[in-house]
Amino acid sequence: MAAESLPSTGLSRCRWHAWHTMMFMILIVLMMFASSSMRLVNAQTSSSTSTMMVEEVEDVDIDGVSPAPFAEESGLSGGSSEQDDDVDVCTSKYQQGGVSEFRGKIAPKFEDSEEDWPDAPVFTGNETNVLLIVLDDVGFAHLQPYGGVTNTSRMQSIADSGLIYNNFHTTALCSPSRAAILASRNHHSLSLGSHAGTAMGFPGYNGRVPYSAQEVTKTLQALGWTTYAIGKFDHVPLFQVHQQGPFTYWPTSDGFDHMYCFMAGDANNFSPVMWDGHTPIEPFLNKPNYHLSEDLADKAIEQITGHVSINPDRPFFVYWAPGGMHAPHHAPPEYIEMYRGVFDDGWDAAREKIFARQKERGIIPPNTVLTDRIGEIPSWESQTPEDRRMFARQMEAFAGQLHHLDEQIGRIVDTLERTNKLENTLIMITSDNGSSGEGGLAGTHNEMAVLNGRSLTPMSENMKRFDEWGSEATNNHFHAGWAMAGNTPFKYFKQTVHRGGQADPLIVHWPRGIKNRGNGIRQQYGHIIDIGTTIMDALNLEPFEYIDGVKQQPFEGTSLEYTFNDPNATDQHTRQYYEQFGNRAMYLMEDGVALKAVTLHANRMPWQIAGTYPFEEDVWELYNITEDFSESRNIAAEFPDLRDKLVDEWDKDAWKYNVYPLYDDLAARVAGAWSIYAPARAESTYYTPGAIRIAEAYSPVVKNKLHNVTAVLNLTASPNGEPVSGVLVACGGLYGGWTFFLRDNTPVYEYNAYNEERYKIAGDSPLPASFVGNVTVVYTPGDFAETGPPDKTGTVQIVVTTEQDGSKVVGTGEVGRTMPSTFSLSETFDVGVDTGTPVSDSYTRLENNDLRYANVLDRVVISLAMPDADYTASGIGGSQIG
């Protein structure tokens, strides 16, 4: 549905004013390009854009965007679009801010003058609001409306009075889906062909959303919607995840007026590191019962109630993206206990139960076949009683978290009802990909094990934490068998582009816009790139041709609004390619028959992250989706020509949307991206108190490298000469990392490997209260030929250096096991404090930790792998004495 344009009478008058104020307009154009709100574009683009805007000012608005809505003039309120000839509608974003032609009269005296106020947007309160909820790692079958066995009654209630889509799809991974849902374009078109953390230096993968593909929120913001980003926002390149800017790819640059986010792949639900705007915060401090899902709901409620109190007529857009159900599966203990024993029958029985419910509710066609359990997943019956007990506990934690999360969604919806906004709020609930099999074939108490190449966590390590499972003591993920059940009736998981990886729930609720709602199942094909286009259509808006002076790429999604009131409407999204880490698929509907060709690259599972395999050896399968909803019967051998046709069509789209080149080694891609993200400095100096909350990927690359860490200290600043305890520098957190700290003046280095082993090397005696000098950690990697990946080793020396006494080794020890790739997806690098969860158990977040304002630590200097450096005691630190 196209948005109504401003009336022609008003536009012609706008042009008349423009021609008679040409010099003034040129001045505004110059001001626009000096504005700090604009993103930089290259010189050629800027030049051509500014020239166009001056020469064609009658056709292009002042700041390169379409006019802002005036409710009665634009027809956005649903009222008449007729325009009184006496009303001038020459309006723009800049005029709203007070920059407009003055049409009154100025005389020496007020009595002889005539006022003329700048135009301001006018809303009626009838404009449509949007609540877009994006869940994490929620599969097709997890939610109660889709046959799930977990209590999600609040989402069931929303579905009961709305619409359920059973043919909706995503990119099969979080970061690409979250960019695509807001920009309404394919993930490779947005340079996010994979996760931002696995970026490569090619147009489809560099992890930087182009200025020409801005999110729909930029349009809504310019037209007067107040916009809120709350929760996960993980498609920001990690070299920008810190408080000093630039903020080019942050929510605040993507059309959001307000942001309260964690900008990482996951979050510790009990101790998350959050951003309130550009300010790092730790909202859990001094709150023993804190949980992230509740906090995010509180923030949404706070923003919505504040909004309708202060600007009751202005519409709003809320993007709410909780951490659940991505690992860690953290829940308040009473919610986990609700599910004690519920999953004792295992994943095979759960699939059967869910499948029966799906058929009973009409979520899947009657002829749907439950796919066979894939060979990599063992049967439940084959597991030992002890293993079954552990695996059931893993699912109990997941279910508890999902149940708790569902209640938070209910609180937000209750707020919409309480503020009389529910009737005209478009609510859309979906997920970013299928359920995650990244927990591997044992599940894990620490998901970082898989991300560091350890595909199987020893059951003994999991069992140590049985009673703590789902608490902050675990960074827990469930067995891939549970992910398979969460994707019923499909096979495979997140990352794969079979339907188990990219078929997801979509619930739509909009009382004012959907007639005959309630238990309405929609079977039309949809994709996550359709959401942004659907929102624009529902709000009766058209996309801007230019945003911030940059010509925009067309939307690539197809609006689903045509399905809202016509359950039998013919599919309009009939072609869609897929690619994720070399897994590829092509969906094509012709003459009412939907076919899909798909290949699982190298038959690799999500818990296998390293290695390269020949793409030409991949076997393409073919499915008739119209007759085979679950992709249970491969017909490629029967119809090789059809399979080859779809493979050829995939290749065409691959070239069109920047999918090439294909590269499959995830571990190498992470390392390559981090090598670009991290500062390319042999020596990095970090000063207190400002060097905190720096993304791990943007910190010095010290893992398994020769390096030294020097803290410049002045202990005489300690009040009354009291012993000092606190952190000098730390990277990571409870689930893995390293830290260098003082404990009663004694320097200590600690390496935390997976929260399984901790290696502490301490000085042989406390530093004197009169100490002024350097304390240095010298880290020498072990012999990798002996240890091999992933359990590498290292040797640590602690060296004290003063002007009077020179350098002296005061402590030596071994690190028996290291984490070669990543300590955490969310914990950070900090100097003078350890934010988030502590790396060491020798201090807490509030005790013996924060030295930022104690004046005893000036700076920390980290030197990396200098081949000619003298790493003996006499050669360390002399030039760094402060």
# chains A, B, ... in the order shown; residues from 1 in each chain; ligands from 1
>>> select_by_dssp(residues="segment 285-399 of chain A", states="alpha helix (DSSP H)", output="VMD selection string")
chain A and resid 292 to 310 333 to 337 346 to 361 385 to 399
>>> residues_around(residues="Ala717 of chain A", least_positions_apart="4", cutoff="8 Å", atoms="only C-alpha atoms", output="list of chain:residue names")
A:Gly721, A:Ala854, A:Asn855, A:Val856
>>> residues_around(residues="Lys464 of chain A", least_positions_apart="4", cutoff="12 Å", atoms="only C-alpha atoms", output="count of residues only")
13
>>> select_by_dssp(residues="segment 420-582 of chain A", states="strand (DSSP E or B)", output="count of residues only")
33
>>> closest_residue(among="A:Asn424, A:Gln502, A:Ser161, A:Ser212", to="Arg517 of chain A", atoms="only C-alpha atoms")
A:Ser161
>>> atom_distance(atom1="atom CA of Tyr260 of chain A", atom2="atom CA of Asp537 of chain A")
27.1 Å
>>> closest_atom_pairs(of="segment 240-310 of chain A", to="segment 124-134 of chain A", cutoff="12 Å", atoms="only C-alpha atoms", output="Markdown table")
| residue | atom | partner | partner_atom | distance |
| --- | --- | --- | --- | --- |
| A:Leu296 | CA | A:Ile133 | CA | 11.6 |
| A:Ala297 | CA | A:Ile133 | CA | 11.2 |
| A:Ala300 | CA | A:Leu131 | CA | 9.9 |
| A:Ile301 | CA | A:Leu131 | CA | 11.8 |
| A:Ile304 | CA | A:Leu131 | CA | 10.3 |
| A:His307 | CA | A:Asn129 | CA | 11.6 |
| A:Val308 | CA | A:Gly125 | CA | 9.6 |
>>> write_last_selection(atoms="N, CA and C atoms", output="compact mmCIF listing (two decimals), in the first residue's frame")
# COMPACT_ATOMS: atom_id res chain seq x y z
N LEU A 296 14.71 -5.20 30.88
CA LEU A 296 14.35 -4.72 29.55
C LEU A 296 12.85 -4.43 29.47
N ALA A 297 12.05 -5.24 30.14
CA ALA A 297 10.61 -4.96 30.18
C ALA A 297 10.35 -3.68 30.97
N ALA A 300 11.10 -0.76 28.73
CA ALA A 300 10.05 -0.53 27.72
C ALA A 300 8.83 0.11 28.37
N ILE A 301 8.45 -0.37 29.54
CA ILE A 301 7.29 0.19 30.23
C ILE A 301 7.56 1.63 30.63
N ILE A 304 7.38 3.72 27.35
CA ILE A 304 6.03 3.84 26.78
C ILE A 304 5.16 4.75 27.67
N HIS A 307 6.29 8.26 27.32
CA HIS A 307 5.93 8.79 26.00
C HIS A 307 4.48 9.23 25.95
N VAL A 308 3.57 8.34 26.38
CA VAL A 308 2.15 8.68 26.26
C VAL A 308 1.73 9.73 27.27
>>> closest_residue(among="A:Ser559, A:Asn420, A:Gly410, A:Trp275", to="Ser309 of chain A", atoms="only C-alpha atoms")
A:Asn420
>>> closest_residue(among="A:Lys596, A:Lys287, A:His403, A:His258", to="Gly324 of chain A", atoms="only C-alpha atoms")
A:His403
>>> closest_residue(among="A:Asn446, A:Asp295, A:Gln303, A:Gly147", to="Arg357 of chain A", atoms="only C-alpha atoms")
A:Gly147
>>> atom_distance(atom1="atom CA of Leu441 of chain A", atom2="atom CA of Ser379 of chain A")
11.5 Å
>>> residues_around(residues="Pro176 of chain A", least_positions_apart="5", cutoff="8 Å", atoms="only C-alpha atoms", output="count of residues only")
8
>>> closest_residue(among="A:Asn462, A:Ser630, A:Thr425, A:Ser675", to="Ala538 of chain A", atoms="only C-alpha atoms")
A:Thr425
>>> residues_around(residues="segment 813-820 of chain A", least_positions_apart="5", cutoff="7 Å", atoms="only C-alpha atoms", output="list in words")
Asn452, Lys703, Asn704, Tyr751, Ala753, Tyr759, Ile761, Pro790, Asp791, Lys792, Thr793, Gly794, Thr795, Val796 and Gln797 of chain A
>>> closest_residue(among="A:Arg465, A:Lys760, A:His707, A:Arg859", to="Val778 of chain A", atoms="only C-alpha atoms")
A:His707
